[in-house]
Every structure is written in C-alpha cells, then in structure tokens.
Amino acid sequence: MDIIKPQYLKKGDKVAIVSPAGPVDPELIDGAVARLHKWGFVPQVGFTAKGKVGRFSATDEDRLADLQQAMDDPTVSAILCGRGGYGCLRIVDKLNFDAFAKHPKWLIGFSDVTALHALFQQNGYASVHGAMARALFANSDSAKALCNLLKGKDMKCEVTEASPYNRSGEASAPISGGNLSLLYAMRGTPLDVDMRGKILFIEDLCERMYHIDRMMNNLRLGGVLKNLAGLVVGCFSDIPEDDTLIAAEKVIKDAVAEYDYPVLFGVPVGHEGFNWPIVEGAVYKMTVDEKGGTLELVKESKRCKK
C-alpha cells in the first residue's frame, strides 16, 4: 500500500497544537507559537495544549476530543504535539479517520507519539517523527530541520563518525519506528507495525540496560529483526549510571548479529539536543560504509490533493 503524504506547508497554513499525552509547561507552548508565527504559519492552540490533570494534559476524553477535532478540521495543515510522556495508548484506538481522509495533514511528534505514528501508518498516512513544542522553543537546530521538512525541502542526514558497531551496506525501503519502549508495548496489538522489508529506526530514554536487552530480544524472538531491510539506531539517552559500563549500542548489535542488512548507529534521532525529523512510512535510502552513513528521503510517495 502506498503511503499518502499530506501537502507540504506554505505561508499562512494553520498548525494546531495539542497535547495528547503528558502536560507541557505553558511557556513552551507560547514559545512554539512564536516560532510558528516566525515561519509564516498560523498557530491554533488546542484546549489541552497547556492543560494538566495528574500525569496527563487532560482527561482521556478531553485529550481524545482535542486531537480528533484537530484531525477533522479541514483548515488545519499540520498537528504539532506538545510533548510525549505517557497517554497516547489510552486513546489511540478511539480515533476516527473519516473526516481526516478528506483533508489529510501532518502529525508531528515523537516519544509517546510513536503510538499515533503507528496508527497513522495503518490507515495509510505518513507522519513526522520530529521535534515538539519544547524543541521549537529551545532548540533552533531541531526547529530549523522540522521547518525545512514541512516546507518540502530535501532532507538528508549524514553521520560522519563511524561507530564500530555499524554494518556496511545499502537499503532503500519504507521507514518506520520510534521509541523502542512504545514499539515493545504495541507488540501483539493491532498497532504492531509490520516491519517486513522496512527500515526500522529506534531510540529511547531512561531505560536500564537489561530493559533494552529484553525489548531487543523480544523483537528478535518475534522475527521482527530477521525481516528488516535495515536498522537505524538513534539516541539512547539518560541510561542509569550503574548501567553505563555496558553500551546500549553493543546490546543492540548483539541482537542483530545473525543478520546481514545494514546497521547505522549515531543518527541524531531521539531525546537529545538535535532531533532530526523522519517521515514515517516514506521510502528512505540508507548507506553505511567505513566512514559513517547517510539516511535520505529518496522517493515521493503518493501525495494527496487538497
């Protein structure tokens, strides 16, 4: 199935900001609004964007309603998530794509938003694994990269420091993935993305080394790692101090040791400073050699008409 990519954004397009998971510092939302204005877009702040109800931005019902409203709105061209945290799995199965299909738009986010990316791909739509409100406010490099992608500029990521765990080779295939913990949590559910023949990319935050090992071996035992076209490894950040003697990279390398597809470590995707945006579901070309590697959007997938 060809993935449908929404139209790239132009000056005057509306971007809805919603928080489908955790709460966000209101100042970060204000900063994201200012950045979107600077890019020439029109921000529309949802009623959950600055909210807080316990560990969530709002109740399940309100988070679902705010996201659904943004998806259904024919005047919205993109949906920017406020942050990740936790909460998308509580509402993801209740979203409806009937109105969205008439006016597709970009969904932007990462971390817990990985669950929403999986849902969008299952419904045939590309989405953007990339910076959210915090980065738009605080990280100009991530913000610039996201702006370039949304405006349809060519996107190529070059990794110039070769990891000793890299495996050389080339692959051109659809890309999918995100937060490893969410991918693991979706195993055995209707959100479990079929990774056969695809490039998988992974990242994570604050996970103990044996947790990473357990999740990678779940993917190995389930046949997911066997059937990949390639593996892209992003940032594994803030690993507990007593686990740092074992590299996350080695745990991942060991899990894919029996396969022969290319593996590229060190791609700036995840919870560290620079978060390079990836179009989930689109075709990318990855190249890995002794000098490092590249990951590039190389094929125009099916585009929708407004």
# chains A, B, ... in the order shown; residues from 1 in each chain; ligands from 1
$ closest_atom_pairs --of "range 32-105 of chain A" --to "range 175-186 of chain A" --cutoff "10 Å" --atoms "only C-alpha atoms" --output "CSV"
residue,atom,partner,partner_atom,distance
A:Tyr86,CA,A:Leu182,CA,9.9
A:Cys88,CA,A:Leu182,CA,10.0
A:Leu89,CA,A:Met186,CA,8.8
$ residues_around --residues "range 35-41 of chain A" --least-positions-apart "2" --cutoff "8 Å" --atoms "only C-alpha atoms" --output "list of chain:residue names"
A:Lys10, A:Lys11, A:Gly12, A:Asp13, A:Lys14, A:Val15, A:Gly31, A:Ala32, A:Val33, A:Pro43, A:Leu136, A:Phe137, A:Cys147
$ write_last_selection --atoms "C-alpha atoms" --output "short mmCIF file (atom, residue, chain, number, x, y, z; two decimals), in the first residue's frame"
data_model
loop_
_atom_site.label_atom_id
_atom_site.label_comp_id
_atom_site.auth_asym_id
_atom_site.auth_seq_id
_atom_site.Cartn_x
_atom_site.Cartn_y
_atom_site.Cartn_z
CA LYS A 10 3.16 27.16 2.81
CA LYS A 11 2.89 30.59 4.33
CA GLY A 12 -0.47 31.13 6.02
CA ASP A 13 -1.16 27.44 6.68
CA LYS A 14 -2.66 26.60 10.06
CA VAL A 15 -0.86 24.38 12.60
CA GLY A 31 7.48 29.65 22.54
CA ALA A 32 6.27 27.18 19.92
CA VAL A 33 3.52 29.61 18.93
CA PRO A 43 -0.88 28.53 15.22
CA LEU A 136 10.62 24.55 18.85
CA PHE A 137 11.15 26.82 21.83
CA CYS A 147 10.61 23.66 9.25
#
$ closest_residue --among "A:Ala58, A:Leu149, A:Val193, A:Leu228" --to "Leu119 in chain A" --atoms "only C-alpha atoms"
A:Val193
$ select_by_dssp --residues "range 61-103 of chain A" --states "strand (DSSP E)" --output "ChimeraX atom specification"
/A:76-81
$ closest_residue --among "A:Gly85, A:Gly124, A:Pro262, A:Gly46" --to "Val233 in chain A" --atoms "only C-alpha atoms"
A:Pro262
$ residues_around --residues "Ala255 in chain A" --least-positions-apart "6" --cutoff "8 Å" --atoms "only C-alpha atoms" --output "PyMOL selection string"
chain A and resi 213+216-217+220
$ closest_residue --among "A:Ala65, A:Leu150, A:Cys157, A:Ile199" --to "Pro174 in chain A" --atoms "only C-alpha atoms"
A:Ile199
$ residues_around --residues "Phe274 in chain A" --least-positions-apart "2" --cutoff "9 Å" --atoms "only C-alpha atoms" --output "ChimeraX atom specification"
/A:131,135,139-143,268-272,276
$ select_by_dssp --residues "range 129-212 of chain A" --states "alpha helix (DSSP H)" --output "JSON, numbers by chain"
{"A": [133, 134, 135, 136, 137, 138, 140, 141, 142, 143, 144, 145, 146, 147, 148, 149, 150, 180, 181, 182, 183, 184, 185, 209, 210, 211, 212]}
$ write_last_selection --atoms "C-alpha atoms" --output "mmCIF file, in the first residue's frame"
data_model
loop_
_atom_site.group_PDB
_atom_site.id
_atom_site.type_symbol
_atom_site.label_atom_id
_atom_site.label_comp_id
_atom_site.auth_asym_id
_atom_site.auth_seq_id
_atom_site.Cartn_x
_atom_site.Cartn_y
_atom_site.Cartn_z
ATOM 1 C CA ALA A 133 6.820 22.255 21.454
ATOM 2 C CA ARG A 134 9.868 22.145 23.754
ATOM 3 C CA ALA A 135 12.355 21.878 20.889
ATOM 4 C CA LEU A 136 10.622 24.548 18.847
ATOM 5 C CA PHE A 137 11.152 26.823 21.828
ATOM 6 C CA ALA A 138 14.614 25.712 22.954
ATOM 7 C CA SER A 140 16.944 26.103 16.956
ATOM 8 C CA ASP A 141 18.637 23.271 15.013
ATOM 9 C CA SER A 142 15.752 20.856 15.572
ATOM 10 C CA ALA A 143 13.274 23.617 14.792
ATOM 11 C CA LYS A 144 15.034 24.534 11.547
ATOM 12 C CA ALA A 145 15.204 20.910 10.395
ATOM 13 C CA LEU A 146 11.485 20.445 11.079
ATOM 14 C CA CYS A 147 10.613 23.659 9.253
ATOM 15 C CA ASN A 148 12.611 22.542 6.207
ATOM 16 C CA LEU A 149 10.830 19.205 6.099
ATOM 17 C CA LEU A 150 7.352 20.733 6.476
ATOM 18 C CA LEU A 180 11.644 1.338 21.475
ATOM 19 C CA SER A 181 9.536 1.089 24.649
ATOM 20 C CA LEU A 182 6.397 2.017 22.697
ATOM 21 C CA LEU A 183 7.221 -0.386 19.878
ATOM 22 C CA TYR A 184 7.628 -3.093 22.526
ATOM 23 C CA ALA A 185 4.357 -2.088 24.230
ATOM 24 C CA MET A 209 20.350 -1.856 30.016
ATOM 25 C CA TYR A 210 18.555 -5.133 30.694
ATOM 26 C CA HIS A 211 15.275 -3.474 29.675
ATOM 27 C CA ILE A 212 16.833 -2.560 26.323
#
$ residues_around --residues "Met132 in chain A" --least-positions-apart "5" --cutoff "6 Å" --atoms "only C-alpha atoms" --output "list in words"
Cys81, Gly82, Arg83 and Gly109 of chain A
$ write_last_selection --atoms "all heavy atoms" --output "short mmCIF file (atom, residue, chain, number, x, y, z; two decimals), in the first residue's frame"
data_model
loop_
_atom_site.label_atom_id
_atom_site.label_comp_id
_atom_site.auth_asym_id
_atom_site.auth_seq_id
_atom_site.Cartn_x
_atom_site.Cartn_y
_atom_site.Cartn_z
N CYS A 81 2.31 18.08 18.30
CA CYS A 81 2.07 17.61 19.66
C CYS A 81 2.92 18.40 20.65
O CYS A 81 4.09 18.72 20.36
CB CYS A 81 2.39 16.13 19.77
SG CYS A 81 1.29 15.08 18.78
N GLY A 82 2.34 18.70 21.81
CA GLY A 82 3.04 19.48 22.81
C GLY A 82 4.23 18.75 23.39
O GLY A 82 5.32 19.31 23.52
N ARG A 83 4.04 17.49 23.75
CA ARG A 83 5.12 16.65 24.28
C ARG A 83 4.67 15.20 24.26
O ARG A 83 3.53 14.89 23.90
CB ARG A 83 5.49 17.05 25.71
CG ARG A 83 4.38 16.84 26.73
CD ARG A 83 4.90 16.82 28.16
NE ARG A 83 5.64 15.59 28.44
CZ ARG A 83 6.01 15.23 29.67
NH1 ARG A 83 5.71 16.01 30.70
NH2 ARG A 83 6.67 14.11 29.87
N GLY A 109 5.51 14.67 16.08
CA GLY A 109 5.85 14.36 17.45
C GLY A 109 6.73 13.14 17.53
O GLY A 109 7.05 12.51 16.52
#
$ residues_around --residues "Ala21 in chain A" --least-positions-apart "6" --cutoff "12 Å" --atoms "only C-alpha atoms" --output "count of residues only"
39
$ closest_residue --among "A:Arg196, A:Lys94, A:Lys253, A:Lys151" --to "Arg167 in chain A" --atoms "only C-alpha atoms"
A:Lys253
$ residues_around --residues "Glu170 in chain A" --least-positions-apart "4" --cutoff "10 Å" --atoms "only C-alpha atoms" --output "PDB file with C-alpha atoms, in the first residue's frame"
ATOM      1  CA  ALA A 229      15.789  -4.051   5.210  1.00  0.00           C
ATOM      2  CA  GLY A 230      17.979  -2.056   7.584  1.00  0.00           C
ATOM      3  CA  TYR A 261      21.355  -5.925   6.487  1.00  0.00           C
ATOM      4  CA  PRO A 262      22.999  -2.509   7.007  1.00  0.00           C
ATOM      5  CA  VAL A 263      23.012  -1.053  10.520  1.00  0.00           C
ATOM      6  CA  LYS A 285      17.769   5.260   1.261  1.00  0.00           C
ATOM      7  CA  MET A 286      20.365   4.365   3.858  1.00  0.00           C
ATOM      8  CA  THR A 287      24.032   3.931   3.041  1.00  0.00           C
ATOM      9  CA  VAL A 288      26.604   2.714   5.539  1.00  0.00           C
ATOM     10  CA  ASP A 289      30.365   2.409   4.972  1.00  0.00           C
ATOM     11  CA  GLY A 293      26.497   6.725   6.750  1.00  0.00           C
ATOM     12  CA  THR A 294      23.598   8.666   5.309  1.00  0.00           C
ATOM     13  CA  LEU A 295      19.824   8.492   5.528  1.00  0.00           C
TER      14      LEU A 295
END
$ closest_residue --among "A:Trp106, A:Phe47, A:Phe236, A:Tyr165" --to "Val128 in chain A" --atoms "only C-alpha atoms"
A:Trp106
$ closest_residue --among "A:Pro164, A:Gly266, A:Gly152, A:Gly130" --to "Leu80 in chain A" --atoms "only C-alpha atoms"
A:Gly130
$ decode --residues "range 278-294 of chain A" --atoms "all heavy atoms" --output "tab-separated table (two decimals), in the first residue's frame"
chain	number	residue	atom	x	y	z
A	278	ILE	N	12.00	12.57	10.70
A	278	ILE	CA	11.86	11.46	9.75
A	278	ILE	C	10.39	11.35	9.36
A	278	ILE	O	9.51	11.41	10.21
A	278	ILE	CB	12.33	10.14	10.39
A	278	ILE	CG1	13.85	10.16	10.60
A	278	ILE	CG2	11.94	8.94	9.53
A	278	ILE	CD1	14.40	8.92	11.28
A	279	VAL	N	10.14	11.16	8.07
A	279	VAL	CA	8.78	10.95	7.59
A	279	VAL	C	8.45	9.46	7.71
A	279	VAL	O	8.92	8.64	6.91
A	279	VAL	CB	8.62	11.42	6.13
A	279	VAL	CG1	7.18	11.20	5.66
A	279	VAL	CG2	8.99	12.89	6.00
A	280	GLU	N	7.66	9.13	8.71
A	280	GLU	CA	7.29	7.73	8.94
A	280	GLU	C	6.43	7.21	7.78
A	280	GLU	O	5.47	7.84	7.36
A	280	GLU	CB	6.50	7.61	10.23
A	280	GLU	CG	7.27	7.99	11.47
A	280	GLU	CD	7.46	6.82	12.41
A	280	GLU	OE1	7.28	5.66	11.97
A	280	GLU	OE2	7.80	7.06	13.58
A	281	GLY	N	6.82	6.06	7.26
A	281	GLY	CA	6.09	5.43	6.17
A	281	GLY	C	6.64	5.74	4.80
A	281	GLY	O	6.31	5.04	3.83
A	282	ALA	N	7.47	6.78	4.68
A	282	ALA	CA	8.04	7.15	3.39
A	282	ALA	C	9.27	6.30	3.09
A	282	ALA	O	9.86	5.68	3.98
A	282	ALA	CB	8.41	8.63	3.39
A	283	VAL	N	9.67	6.27	1.82
A	283	VAL	CA	10.83	5.49	1.40
A	283	VAL	C	12.11	6.30	1.61
A	283	VAL	O	12.20	7.46	1.18
A	283	VAL	CB	10.71	5.07	-0.07
A	283	VAL	CG1	11.98	4.36	-0.54
A	283	VAL	CG2	9.49	4.15	-0.26
A	284	TYR	N	13.06	5.71	2.28
A	284	TYR	CA	14.37	6.31	2.52
A	284	TYR	C	15.46	5.40	1.96
A	284	TYR	O	15.28	4.19	1.85
A	284	TYR	CB	14.62	6.49	4.01
A	284	TYR	CG	14.03	7.75	4.59
A	284	TYR	CD1	12.67	7.87	4.80
A	284	TYR	CD2	14.84	8.83	4.93
A	284	TYR	CE1	12.12	9.02	5.34
A	284	TYR	CE2	14.31	9.99	5.47
A	284	TYR	CZ	12.95	10.09	5.67
A	284	TYR	OH	12.41	11.24	6.19
A	285	LYS	N	16.58	6.02	1.62
A	285	LYS	CA	17.77	5.26	1.26
A	285	LYS	C	18.79	5.42	2.37
A	285	LYS	O	19.11	6.55	2.77
A	285	LYS	CB	18.36	5.74	-0.05
A	285	LYS	CG	19.63	4.98	-0.45
A	285	LYS	CD	20.20	5.46	-1.77
A	285	LYS	CE	21.45	4.68	-2.15
A	285	LYS	NZ	22.03	5.14	-3.44
A	286	MET	N	19.29	4.31	2.87
A	286	MET	CA	20.37	4.36	3.86
A	286	MET	C	21.62	3.75	3.25
A	286	MET	O	21.56	2.75	2.53
A	286	MET	CB	19.98	3.65	5.15
A	286	MET	CG	19.77	2.17	5.08
A	286	MET	SD	19.38	1.39	6.69
A	286	MET	CE	20.90	1.67	7.63
A	287	THR	N	22.74	4.40	3.51
A	287	THR	CA	24.03	3.93	3.04
A	287	THR	C	25.00	3.93	4.22
A	287	THR	O	25.11	4.93	4.92
A	287	THR	CB	24.58	4.84	1.93
A	287	THR	OG1	23.63	4.90	0.85
A	287	THR	CG2	25.90	4.32	1.40
A	288	VAL	N	25.66	2.83	4.44
A	288	VAL	CA	26.60	2.71	5.54
A	288	VAL	C	27.93	2.19	5.00
A	288	VAL	O	27.97	1.20	4.25
A	288	VAL	CB	26.08	1.75	6.63
A	288	VAL	CG1	26.99	1.81	7.86
A	288	VAL	CG2	24.64	2.06	7.00
A	289	ASP	N	29.04	2.87	5.35
A	289	ASP	CA	30.37	2.41	4.97
A	289	ASP	C	31.34	2.68	6.11
A	289	ASP	O	30.93	3.06	7.22
A	289	ASP	CB	30.83	3.06	3.66
A	289	ASP	CG	30.84	4.59	3.72
A	289	ASP	OD1	31.04	5.14	4.82
A	289	ASP	OD2	30.67	5.23	2.67
A	290	GLU	N	32.63	2.54	5.82
A	290	GLU	CA	33.63	2.68	6.89
A	290	GLU	C	33.76	4.11	7.40
A	290	GLU	O	34.32	4.35	8.47
A	290	GLU	CB	34.99	2.18	6.39
A	290	GLU	CG	35.63	3.02	5.29
A	290	GLU	CD	35.08	2.72	3.91
A	290	GLU	OE1	34.19	1.85	3.80
A	290	GLU	OE2	35.54	3.35	2.94
A	291	LYS	N	33.20	5.09	6.66
A	291	LYS	CA	33.30	6.48	7.08
A	291	LYS	C	32.10	6.95	7.90
A	291	LYS	O	32.12	8.02	8.50
A	291	LYS	CB	33.44	7.37	5.84
A	291	LYS	CG	34.70	7.13	5.04
A	291	LYS	CD	34.75	8.04	3.82
A	291	LYS	CE	36.01	7.78	3.00
A	291	LYS	NZ	36.07	8.65	1.79
A	292	GLY	N	31.02	6.18	7.89
A	292	GLY	CA	29.80	6.59	8.58
A	292	GLY	C	28.59	6.16	7.77
A	292	GLY	O	28.50	5.01	7.33
A	293	GLY	N	27.67	7.09	7.52
A	293	GLY	CA	26.50	6.73	6.75
A	293	GLY	C	25.58	7.90	6.48
A	293	GLY	O	25.77	9.00	7.00
A	294	THR	N	24.60	7.66	5.64
A	294	THR	CA	23.60	8.67	5.31
A	294	THR	C	22.22	8.04	5.34
A	294	THR	O	22.05	6.83	5.13
A	294	THR	CB	23.84	9.28	3.92
A	294	THR	OG1	23.79	8.24	2.93
A	294	THR	CG2	25.19	9.99	3.84
